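my_file_14.pdb, holding PDB, C-alpha atoms:
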ATOM      1  CA  MET A 316      -7.848   8.916   7.075  1.00  0.00           C
ATOM      2  CA  LYS A 317      -6.504  11.175   4.359  1.00  0.00           C
ATOM      3  CA  PRO A 318      -3.895  13.749   5.311  1.00  0.00           C
ATOM      4  CA  LEU A 319      -4.961  17.069   6.718  1.00  0.00           C
ATOM      5  CA  SER A 320      -3.910  20.079   4.668  1.00  0.00           C
ATOM      6  CA  SER A 321      -1.223  20.827   7.275  1.00  0.00           C
ATOM      7  CA  GLU A 322       0.248  17.322   6.753  1.00  0.00           C
ATOM      8  CA  LEU A 323       0.524  17.510   2.974  1.00  0.00           C
ATOM      9  CA  LEU A 324       3.903  17.872   1.334  1.00  0.00           C
ATOM     10  CA  SER A 325       4.287  21.234  -0.379  1.00  0.00           C
ATOM     11  CA  GLN A 326       4.934  19.238  -3.561  1.00  0.00           C
ATOM     12  CA  PRO A 327       3.741  15.604  -3.753  1.00  0.00           C
ATOM     13  CA  ILE A 328       6.402  13.075  -4.663  1.00  0.00           C
ATOM     14  CA  GLU A 329       5.465  11.512  -7.984  1.00  0.00           C
ATOM     15  CA  LEU A 330       6.800   7.990  -8.279  1.00  0.00           C
ATOM     16  CA  GLU A 331       7.445   6.532 -11.726  1.00  0.00           C
ATOM     17  CA  CYS A 332       5.095   3.634 -10.929  1.00  0.00           C
ATOM     18  CA  GLY A 333       2.009   5.860 -10.693  1.00  0.00           C
ATOM     19  CA  VAL A 334       1.934   6.514  -6.944  1.00  0.00           C
ATOM     20  CA  LEU A 335       1.703  10.049  -5.583  1.00  0.00           C
ATOM     21  CA  VAL A 336       3.113  10.445  -2.073  1.00  0.00           C
ATOM     22  CA  HIS A 337       1.113  13.256  -0.481  1.00  0.00           C
ATOM     23  CA  GLU A 338       2.447  12.933   3.066  1.00  0.00           C
ATOM     24  CA  TRP A 339       5.806  11.799   4.440  1.00  0.00           C
ATOM     25  CA  ARG A 340       6.440  12.631   8.061  1.00  0.00           C
ATOM     26  CA  GLY A 341       8.828  11.654  10.794  1.00  0.00           C
ATOM     27  CA  TYR A 342      11.902  10.306   9.039  1.00  0.00           C
ATOM     28  CA  PRO A 343      14.562  11.249   6.499  1.00  0.00           C
ATOM     29  CA  ARG A 344      13.336  10.430   2.997  1.00  0.00           C
ATOM     30  CA  ASP A 345      14.952   7.826   0.797  1.00  0.00           C
ATOM     31  CA  GLU A 346      13.196   8.555  -2.475  1.00  0.00           C
ATOM     32  CA  ALA A 347      15.487   6.290  -4.512  1.00  0.00           C
ATOM     33  CA  LYS A 348      14.540   3.295  -2.352  1.00  0.00           C
ATOM     34  CA  ILE A 349      10.817   3.918  -2.595  1.00  0.00           C
ATOM     35  CA  GLN A 350      11.103   4.519  -6.384  1.00  0.00           C
ATOM     36  CA  ASN A 351      12.860   1.164  -6.826  1.00  0.00           C
ATOM     37  CA  LEU A 352      10.407  -0.772  -4.664  1.00  0.00           C
ATOM     38  CA  CYS A 353       7.407   0.835  -6.314  1.00  0.00           C
ATOM     39  CA  ARG A 354       8.777   0.023  -9.756  1.00  0.00           C
ATOM     40  CA  LEU A 355       9.409  -3.577  -8.649  1.00  0.00           C
ATOM     41  CA  ALA A 356       5.830  -3.929  -7.390  1.00  0.00           C
ATOM     42  CA  THR A 357       4.268  -2.572 -10.579  1.00  0.00           C
ATOM     43  CA  ASP A 358       6.649  -4.340 -12.978  1.00  0.00           C
ATOM     44  CA  GLU A 359       6.022  -7.724 -11.373  1.00  0.00           C
ATOM     45  CA  PHE A 360       2.275  -7.398 -10.713  1.00  0.00           C
ATOM     46  CA  PHE A 361       0.938  -8.489 -14.136  1.00  0.00           C
ATOM     47  CA  PRO A 362       3.320 -11.451 -14.536  1.00  0.00           C
ATOM     48  CA  PHE A 363       2.422 -12.636 -11.009  1.00  0.00           C
ATOM     49  CA  VAL A 364      -1.355 -12.427 -11.465  1.00  0.00           C
ATOM     50  CA  ALA A 365      -1.043 -14.124 -14.875  1.00  0.00           C
ATOM     51  CA  ARG A 366       0.766 -17.055 -13.211  1.00  0.00           C
ATOM     52  CA  LYS A 367      -2.177 -17.232 -10.783  1.00  0.00           C
ATOM     53  CA  GLY A 368      -4.667 -17.342 -13.670  1.00  0.00           C
ATOM     54  CA  LEU A 369      -6.136 -13.926 -12.787  1.00  0.00           C
ATOM     55  CA  VAL A 370      -7.153 -11.508 -15.539  1.00  0.00           C
ATOM     56  CA  PRO A 371      -7.239  -7.752 -14.836  1.00  0.00           C
ATOM     57  CA  ASP A 372     -10.226  -5.687 -15.987  1.00  0.00           C
ATOM     58  CA  HIS A 373      -7.891  -3.279 -17.818  1.00  0.00           C
ATOM     59  CA  HIS A 374      -4.239  -2.318 -18.258  1.00  0.00           C
ATOM     60  CA  ARG A 375      -4.484   1.447 -17.863  1.00  0.00           C
ATOM     61  CA  THR A 376      -1.641   3.243 -16.126  1.00  0.00           C
ATOM     62  CA  PHE A 377      -1.754   2.705 -12.372  1.00  0.00           C
ATOM     63  CA  HIS A 378      -2.656   5.740 -10.232  1.00  0.00           C
ATOM     64  CA  TRP A 379      -2.737   5.638  -6.437  1.00  0.00           C
ATOM     65  CA  SER A 380      -2.028   7.840  -3.409  1.00  0.00           C
ATOM     66  CA  ALA A 381       0.191   7.145  -0.415  1.00  0.00           C
ATOM     67  CA  ALA A 382       1.049   8.597   2.977  1.00  0.00           C
ATOM     68  CA  LEU A 383       4.204   7.612   4.851  1.00  0.00           C
ATOM     69  CA  LEU A 384       3.756   8.116   8.554  1.00  0.00           C
ATOM     70  CA  PRO A 385       5.524   7.804  11.868  1.00  0.00           C
ATOM     71  CA  ASN A 386       4.866   4.405  13.416  1.00  0.00           C
ATOM     72  CA  GLY A 387       3.101   4.242  16.751  1.00  0.00           C
ATOM     73  CA  GLU A 388      -0.143   5.290  18.383  1.00  0.00           C
ATOM     74  CA  CYS A 389       0.665   9.018  18.532  1.00  0.00           C
ATOM     75  CA  TYR A 390      -1.869  11.487  17.134  1.00  0.00           C
ATOM     76  CA  ARG A 391      -2.187  11.101  13.324  1.00  0.00           C
ATOM     77  CA  CYS A 392       0.459   8.349  13.255  1.00  0.00           C
ATOM     78  CA  LEU A 393       0.098   4.980  11.508  1.00  0.00           C
ATOM     79  CA  ASN A 394      -1.523   3.247  14.479  1.00  0.00           C
ATOM     80  CA  ASP A 395      -3.618   6.131  15.801  1.00  0.00           C
ATOM     81  CA  GLU A 396      -6.831   4.163  16.329  1.00  0.00           C
ATOM     82  CA  GLN A 397      -8.345   6.890  18.500  1.00  0.00           C
ATOM     83  CA  TRP A 398      -8.411   9.648  15.869  1.00  0.00           C
ATOM     84  CA  ARG A 399      -7.041   9.183  12.376  1.00  0.00           C
ATOM     85  CA  PHE A 400      -7.798   5.485  11.980  1.00  0.00           C
ATOM     86  CA  ALA A 401     -10.739   5.141  14.370  1.00  0.00           C
ATOM     87  CA  LYS A 402     -12.867   3.618  11.581  1.00  0.00           C
ATOM     88  CA  ARG A 403     -10.148   1.421  10.085  1.00  0.00           C
ATOM     89  CA  ALA A 404     -11.232  -2.201   9.820  1.00  0.00           C
ATOM     90  CA  ALA A 405      -7.805  -3.672  10.619  1.00  0.00           C
ATOM     91  CA  ARG A 406      -6.732  -3.165  14.220  1.00  0.00           C
ATOM     92  CA  GLY A 407      -3.456  -3.577  16.039  1.00  0.00           C
ATOM     93  CA  ASN A 408       0.117  -2.550  15.370  1.00  0.00           C
ATOM     94  CA  LEU A 409       0.280  -2.301  11.566  1.00  0.00           C
ATOM     95  CA  THR A 410       3.179  -1.397   9.306  1.00  0.00           C
ATOM     96  CA  GLY A 411       0.862  -0.670   6.389  1.00  0.00           C
ATOM     97  CA  TYR A 412      -2.790  -0.390   5.446  1.00  0.00           C
ATOM     98  CA  THR A 413      -4.563   0.122   2.128  1.00  0.00           C
ATOM     99  CA  SER A 414      -7.939   1.812   2.061  1.00  0.00           C
ATOM    100  CA  PHE A 415      -9.872   0.942  -1.071  1.00  0.00           C
ATOM    101  CA  THR A 416     -12.607   3.494  -0.423  1.00  0.00           C
ATOM    102  CA  ASN A 417     -10.042   6.296  -0.055  1.00  0.00           C
ATOM    103  CA  ARG A 418      -7.729   4.889  -2.776  1.00  0.00           C
ATOM    104  CA  TYR A 419      -4.816   5.398  -0.401  1.00  0.00           C
ATOM    105  CA  SER A 420      -2.053   3.304   1.103  1.00  0.00           C
ATOM    106  CA  PHE A 421      -0.752   4.286   4.533  1.00  0.00           C
ATOM    107  CA  LEU A 422       2.731   3.047   5.392  1.00  0.00           C
ATOM    108  CA  LEU A 423       5.416   3.486   7.967  1.00  0.00           C
ATOM    109  CA  GLY A 424       7.673   6.273   6.798  1.00  0.00           C
ATOM    110  CA  ASN A 425      10.939   4.856   8.086  1.00  0.00           C
ATOM    111  CA  THR A 426      12.619   3.387   4.995  1.00  0.00           C
ATOM    112  CA  ARG A 427      15.269   1.810   7.276  1.00  0.00           C
ATOM    113  CA  HIS A 428      12.707  -0.203   9.256  1.00  0.00           C
ATOM    114  CA  ARG A 429      13.285  -3.935   8.795  1.00  0.00           C
ATOM    115  CA  GLU A 430       9.746  -4.396   7.414  1.00  0.00           C
ATOM    116  CA  PHE A 431       9.626  -1.360   5.133  1.00  0.00           C
ATOM    117  CA  ASP A 432      10.413  -3.138   1.843  1.00  0.00           C
ATOM    118  CA  VAL A 433       7.969  -6.008   2.277  1.00  0.00           C
ATOM    119  CA  THR A 434       5.265  -3.682   3.612  1.00  0.00           C
ATOM    120  CA  LEU A 435       5.461  -1.236   0.715  1.00  0.00           C
ATOM    121  CA  VAL A 436       5.357  -3.964  -1.944  1.00  0.00           C
ATOM    122  CA  HIS A 437       2.611  -5.857  -0.063  1.00  0.00           C
ATOM    123  CA  GLU A 438       0.385  -2.765   0.157  1.00  0.00           C
ATOM    124  CA  LEU A 439       1.020  -1.905  -3.489  1.00  0.00           C
ATOM    125  CA  PHE A 440      -0.164  -5.395  -4.390  1.00  0.00           C
ATOM    126  CA  HIS A 441      -3.466  -4.670  -2.609  1.00  0.00           C
ATOM    127  CA  ALA A 442      -3.750  -1.288  -4.323  1.00  0.00           C
ATOM    128  CA  GLN A 443      -3.168  -2.781  -7.775  1.00  0.00           C
ATOM    129  CA  SER A 444      -5.527  -5.683  -7.084  1.00  0.00           C
ATOM    130  CA  TYR A 445      -8.264  -3.178  -6.353  1.00  0.00           C
ATOM    131  CA  TYR A 446      -7.333  -0.757  -9.151  1.00  0.00           C
ATOM    132  CA  TYR A 447      -7.304  -3.497 -11.789  1.00  0.00           C
ATOM    133  CA  GLY A 448     -10.567  -5.102 -10.616  1.00  0.00           C
ATOM    134  CA  LEU A 449      -9.166  -8.344  -9.222  1.00  0.00           C
ATOM    135  CA  PHE A 450     -10.118  -7.742  -5.592  1.00  0.00           C
ATOM    136  CA  ASP A 451     -13.843  -7.496  -6.328  1.00  0.00           C
ATOM    137  CA  ARG A 452     -13.826 -10.777  -8.259  1.00  0.00           C
ATOM    138  CA  HIS A 453     -12.086 -12.858  -5.567  1.00  0.00           C
ATOM    139  CA  ALA A 454     -15.349 -13.845  -3.835  1.00  0.00           C
ATOM    140  CA  ASP A 455     -18.924 -12.827  -3.110  1.00  0.00           C
ATOM    141  CA  ASP A 456     -18.360 -11.389   0.372  1.00  0.00           C
ATOM    142  CA  ASP A 457     -15.910  -8.823   1.689  1.00  0.00           C
ATOM    143  CA  ALA A 458     -14.336 -11.014   4.364  1.00  0.00           C
ATOM    144  CA  GLU A 459     -13.457 -13.701   1.833  1.00  0.00           C
ATOM    145  CA  ARG A 460     -12.196 -11.094  -0.665  1.00  0.00           C
ATOM    146  CA  VAL A 461      -9.880  -9.673   1.994  1.00  0.00           C
ATOM    147  CA  ARG A 462      -8.650 -13.141   2.999  1.00  0.00           C
ATOM    148  CA  ILE A 463      -7.862 -14.112  -0.593  1.00  0.00           C
ATOM    149  CA  ASP A 464      -6.200 -10.796  -1.420  1.00  0.00           C
ATOM    150  CA  GLU A 465      -4.096 -10.983   1.744  1.00  0.00           C
ATOM    151  CA  GLN A 466      -2.887 -14.468   0.807  1.00  0.00           C
ATOM    152  CA  LEU A 467      -2.032 -13.290  -2.711  1.00  0.00           C
ATOM    153  CA  ALA A 468      -0.140 -10.266  -1.366  1.00  0.00           C
ATOM    154  CA  VAL A 469       1.939 -12.563   0.866  1.00  0.00           C
ATOM    155  CA  GLU A 470       2.663 -14.887  -2.047  1.00  0.00           C
ATOM    156  CA  PHE A 471       3.602 -11.879  -4.196  1.00  0.00           C
ATOM    157  CA  THR A 472       6.173 -10.517  -1.746  1.00  0.00           C
ATOM    158  CA  GLU A 473       7.558 -14.000  -1.127  1.00  0.00           C
ATOM    159  CA  SER A 474       7.917 -14.579  -4.883  1.00  0.00           C
ATOM    160  CA  LEU A 475      10.048 -11.418  -5.046  1.00  0.00           C
ATOM    161  CA  GLY A 476      12.307 -12.605  -2.214  1.00  0.00           C
ATOM    162  CA  LEU A 477      11.061  -9.983   0.258  1.00  0.00           C
ATOM    163  CA  GLY A 478       9.440 -12.331   2.757  1.00  0.00           C
ATOM    164  CA  ARG A 479       5.871 -12.183   4.053  1.00  0.00           C
TER     165      ARG A 479
END

I'd like the structure from this file rewritten - as structure tokens, please.
Amino acid sequence: MKPLSSELLSQPIELECGVLVHEWRGYPRDEAKIQNLCRLATDEFFPFVARKGLVPDHHRTFHWSAALLPNGECYRCLNDEQWRFAKRAARGNLTGYTSFTNRYSFLLGNTRHREFDVTLVHELFHAQSYYYGLFDRHADDDAERVRIDEQLAVEFTESLGLGR
């Protein structure tokens, strides 16, 4: 899933919220927009989980990786289920996906897409849930963990006025 060396940015984009963008292909970049959304997601994460009665394992600085990709089923694009994401658990036309094993979030790279804002913040919720140990404590089995974390991510983005 991770970017090939030929897909990597010559210099990763380091976001103030702790995310390193290693790949951004297919669209003009709006770094100010992604900085603001990333900051929103990390600033509001701890207050949100506290309201839900969830306690993180730690409060160390968040570190995560991201790739912003062209949407579609083209080779190495966000919905390339034949090659890049052949082993991805979630199937179908996605606007974002977070891989816990790879510690990576994969998102559509078009910051003007109508679902960009909600998708970025939603996937950063999943990343932080995993990073801070909440995901693993949701339940005893993976399917239930995923279901609970998905519901929390939806509630998180809705609480910020971004929609589902």

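Put simply, the PyMOL selection byres ((chain A and resi 325-336) around 8) in this file takes in Leu323, Leu324, His337, Glu338, Trp339, Gln350, Cys353, Arg354, Thr357, Thr376, Phe377, His378, Trp379, Ser380, Ala381, Ala382 and Leu383 of chain A.
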
Exactly which residues make up the result of the PyMOL selection byres ((chain A and resi 421) around 9) on this file, given as a ChimeraX atom specification?
-> /A:316-317,380-384,393,410-414,419-420,422-424,438

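Using only C-alpha atoms, the shortest contact distance between A:Val370 and any of A:Leu475, A:Ser444, A:Gly341, A:Val469 is found at A:Ser444.
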
Restricting to only C-alpha atoms, whichever of A:Pro362, A:Pro318, A:Pro343, A:Gly407 is closest to A:Arg427 is A:Pro343

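Between atom CA of A:Leu409 and atom CA of A:Asn386 the separation is 8.3 Å.
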
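Among A:Tyr342, A:Glu430, A:Tyr446, A:Asp464, the residue with the shortest atom-to-atom distance to A:Pro385, counting all atoms listed in the file, is A:Tyr342.
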
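For the pair atom CA of A:Asp457 and atom CA of A:Glu470, the separation is 19.9 Å.
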
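Neighbours of stretch 367-369 of chain A closer than or equal to 10 Å, with all atoms listed in the file counted and sequence neighbours fewer than 2 positions away skipped, come out as A:Phe361, A:Pro362, A:Phe363, A:Val364, A:Ala365, A:Pro371, A:Asp372, A:Leu449, A:Arg452, A:His453, A:Leu467.
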
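Taking atom CA of A:Leu319 as the reference point, atom CA of A:Thr416 is found at 17.1 Å.
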
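Nearest to A:Arg344 of all the residues A:Asn417, A:Arg460, A:Gly448, A:Asn425 is A:Asn425, based on only C-alpha atoms.
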
Write stretch 410-443 of chain A as an mmCIF file, in the frame of the given file, completed to N, CA and C atoms.
data_model
loop_
_atom_site.group_PDB
_atom_site.id
_atom_site.type_symbol
_atom_site.label_atom_id
_atom_site.label_comp_id
_atom_site.auth_asym_id
_atom_site.auth_seq_id
_atom_site.Cartn_x
_atom_site.Cartn_y
_atom_site.Cartn_z
ATOM 1 N N THR A 410 2.107 -2.103 10.006
ATOM 2 C CA THR A 410 3.179 -1.397 9.306
ATOM 3 C C THR A 410 2.676 -0.820 7.989
ATOM 4 N N GLY A 411 1.466 -1.203 7.597
ATOM 5 C CA GLY A 411 0.862 -0.670 6.389
ATOM 6 C C GLY A 411 -0.611 -1.003 6.333
ATOM 7 N N TYR A 412 -1.356 -0.187 5.596
ATOM 8 C CA TYR A 412 -2.790 -0.390 5.446
ATOM 9 C C TYR A 412 -3.230 0.262 4.142
ATOM 10 N N THR A 413 -4.030 -0.444 3.367
ATOM 11 C CA THR A 413 -4.563 0.122 2.128
ATOM 12 C C THR A 413 -6.061 0.272 2.259
ATOM 13 N N SER A 414 -6.515 1.490 2.020
ATOM 14 C CA SER A 414 -7.939 1.812 2.061
ATOM 15 C C SER A 414 -8.455 1.885 0.634
ATOM 16 N N PHE A 415 -9.325 0.945 0.278
ATOM 17 C CA PHE A 415 -9.872 0.942 -1.071
ATOM 18 C C PHE A 415 -10.835 2.101 -1.279
ATOM 19 N N THR A 416 -11.630 2.408 -0.273
ATOM 20 C CA THR A 416 -12.607 3.494 -0.423
ATOM 21 C C THR A 416 -11.925 4.850 -0.588
ATOM 22 N N ASN A 417 -10.783 5.035 0.067
ATOM 23 C CA ASN A 417 -10.042 6.296 -0.055
ATOM 24 C C ASN A 417 -8.996 6.271 -1.173
ATOM 25 N N ARG A 418 -8.760 5.067 -1.739
ATOM 26 C CA ARG A 418 -7.729 4.889 -2.776
ATOM 27 C C ARG A 418 -6.377 5.403 -2.280
ATOM 28 N N TYR A 419 -6.019 4.946 -1.092
ATOM 29 C CA TYR A 419 -4.816 5.398 -0.401
ATOM 30 C C TYR A 419 -4.139 4.221 0.282
ATOM 31 N N SER A 420 -2.817 4.230 0.274
ATOM 32 C CA SER A 420 -2.053 3.304 1.103
ATOM 33 C C SER A 420 -1.318 4.117 2.158
ATOM 34 N N PHE A 421 -1.386 3.635 3.386
ATOM 35 C CA PHE A 421 -0.752 4.286 4.533
ATOM 36 C C PHE A 421 0.352 3.354 5.016
ATOM 37 N N LEU A 422 1.573 3.881 5.102
ATOM 38 C CA LEU A 422 2.731 3.047 5.392
ATOM 39 C C LEU A 422 3.624 3.710 6.412
ATOM 40 N N LEU A 423 4.430 2.882 7.078
ATOM 41 C CA LEU A 423 5.416 3.486 7.967
ATOM 42 C C LEU A 423 6.415 4.242 7.108
ATOM 43 N N GLY A 424 6.818 5.391 7.579
ATOM 44 C CA GLY A 424 7.673 6.273 6.798
ATOM 45 C C GLY A 424 9.160 6.038 6.958
ATOM 46 N N ASN A 425 9.530 5.127 7.825
ATOM 47 C CA ASN A 425 10.939 4.856 8.086
ATOM 48 C C ASN A 425 11.450 3.824 7.081
ATOM 49 N N THR A 426 12.129 4.290 6.041
ATOM 50 C CA THR A 426 12.619 3.387 4.995
ATOM 51 C C THR A 426 13.716 2.447 5.500
ATOM 52 N N ARG A 427 14.243 2.691 6.693
ATOM 53 C CA ARG A 427 15.269 1.810 7.276
ATOM 54 C C ARG A 427 14.668 0.724 8.172
ATOM 55 N N HIS A 428 13.378 0.810 8.427
ATOM 56 C CA HIS A 428 12.707 -0.203 9.256
ATOM 57 C C HIS A 428 12.832 -1.563 8.569
ATOM 58 N N ARG A 429 13.055 -2.596 9.350
ATOM 59 C CA ARG A 429 13.285 -3.935 8.795
ATOM 60 C C ARG A 429 12.115 -4.452 7.965
ATOM 61 N N GLU A 430 10.913 -3.930 8.166
ATOM 62 C CA GLU A 430 9.746 -4.396 7.414
ATOM 63 C C GLU A 430 9.296 -3.418 6.328
ATOM 64 N N PHE A 431 10.065 -2.371 6.103
ATOM 65 C CA PHE A 431 9.626 -1.360 5.133
ATOM 66 C C PHE A 431 9.448 -1.940 3.732
ATOM 67 N N ASP A 432 10.454 -2.648 3.225
ATOM 68 C CA ASP A 432 10.413 -3.138 1.843
ATOM 69 C C ASP A 432 9.209 -4.052 1.612
ATOM 70 N N VAL A 433 9.065 -5.052 2.458
ATOM 71 C CA VAL A 433 7.969 -6.008 2.277
ATOM 72 C C VAL A 433 6.610 -5.318 2.459
ATOM 73 N N THR A 434 6.530 -4.373 3.372
ATOM 74 C CA THR A 434 5.265 -3.682 3.612
ATOM 75 C C THR A 434 4.859 -2.842 2.411
ATOM 76 N N LEU A 435 5.784 -2.075 1.863
ATOM 77 C CA LEU A 435 5.461 -1.236 0.715
ATOM 78 C C LEU A 435 4.984 -2.082 -0.459
ATOM 79 N N VAL A 436 5.714 -3.119 -0.803
ATOM 80 C CA VAL A 436 5.357 -3.964 -1.944
ATOM 81 C C VAL A 436 4.038 -4.701 -1.674
ATOM 82 N N HIS A 437 3.851 -5.169 -0.463
ATOM 83 C CA HIS A 437 2.611 -5.857 -0.063
ATOM 84 C C HIS A 437 1.406 -4.924 -0.250
ATOM 85 N N GLU A 438 1.509 -3.700 0.261
ATOM 86 C CA GLU A 438 0.385 -2.765 0.157
ATOM 87 C C GLU A 438 0.151 -2.330 -1.286
ATOM 88 N N LEU A 439 1.205 -2.236 -2.074
ATOM 89 C CA LEU A 439 1.020 -1.905 -3.489
ATOM 90 C C LEU A 439 0.373 -3.051 -4.247
ATOM 91 N N PHE A 440 0.575 -4.283 -3.789
ATOM 92 C CA PHE A 440 -0.164 -5.395 -4.390
ATOM 93 C C PHE A 440 -1.657 -5.187 -4.154
ATOM 94 N N HIS A 441 -2.041 -4.895 -2.906
ATOM 95 C CA HIS A 441 -3.466 -4.670 -2.609
ATOM 96 C C HIS A 441 -4.027 -3.535 -3.459
ATOM 97 N N ALA A 442 -3.287 -2.443 -3.559
ATOM 98 C CA ALA A 442 -3.750 -1.288 -4.323
ATOM 99 C C ALA A 442 -3.975 -1.659 -5.790
ATOM 100 N N GLN A 443 -3.029 -2.383 -6.369
ATOM 101 C CA GLN A 443 -3.168 -2.781 -7.775
ATOM 102 C C GLN A 443 -4.294 -3.799 -7.952
#
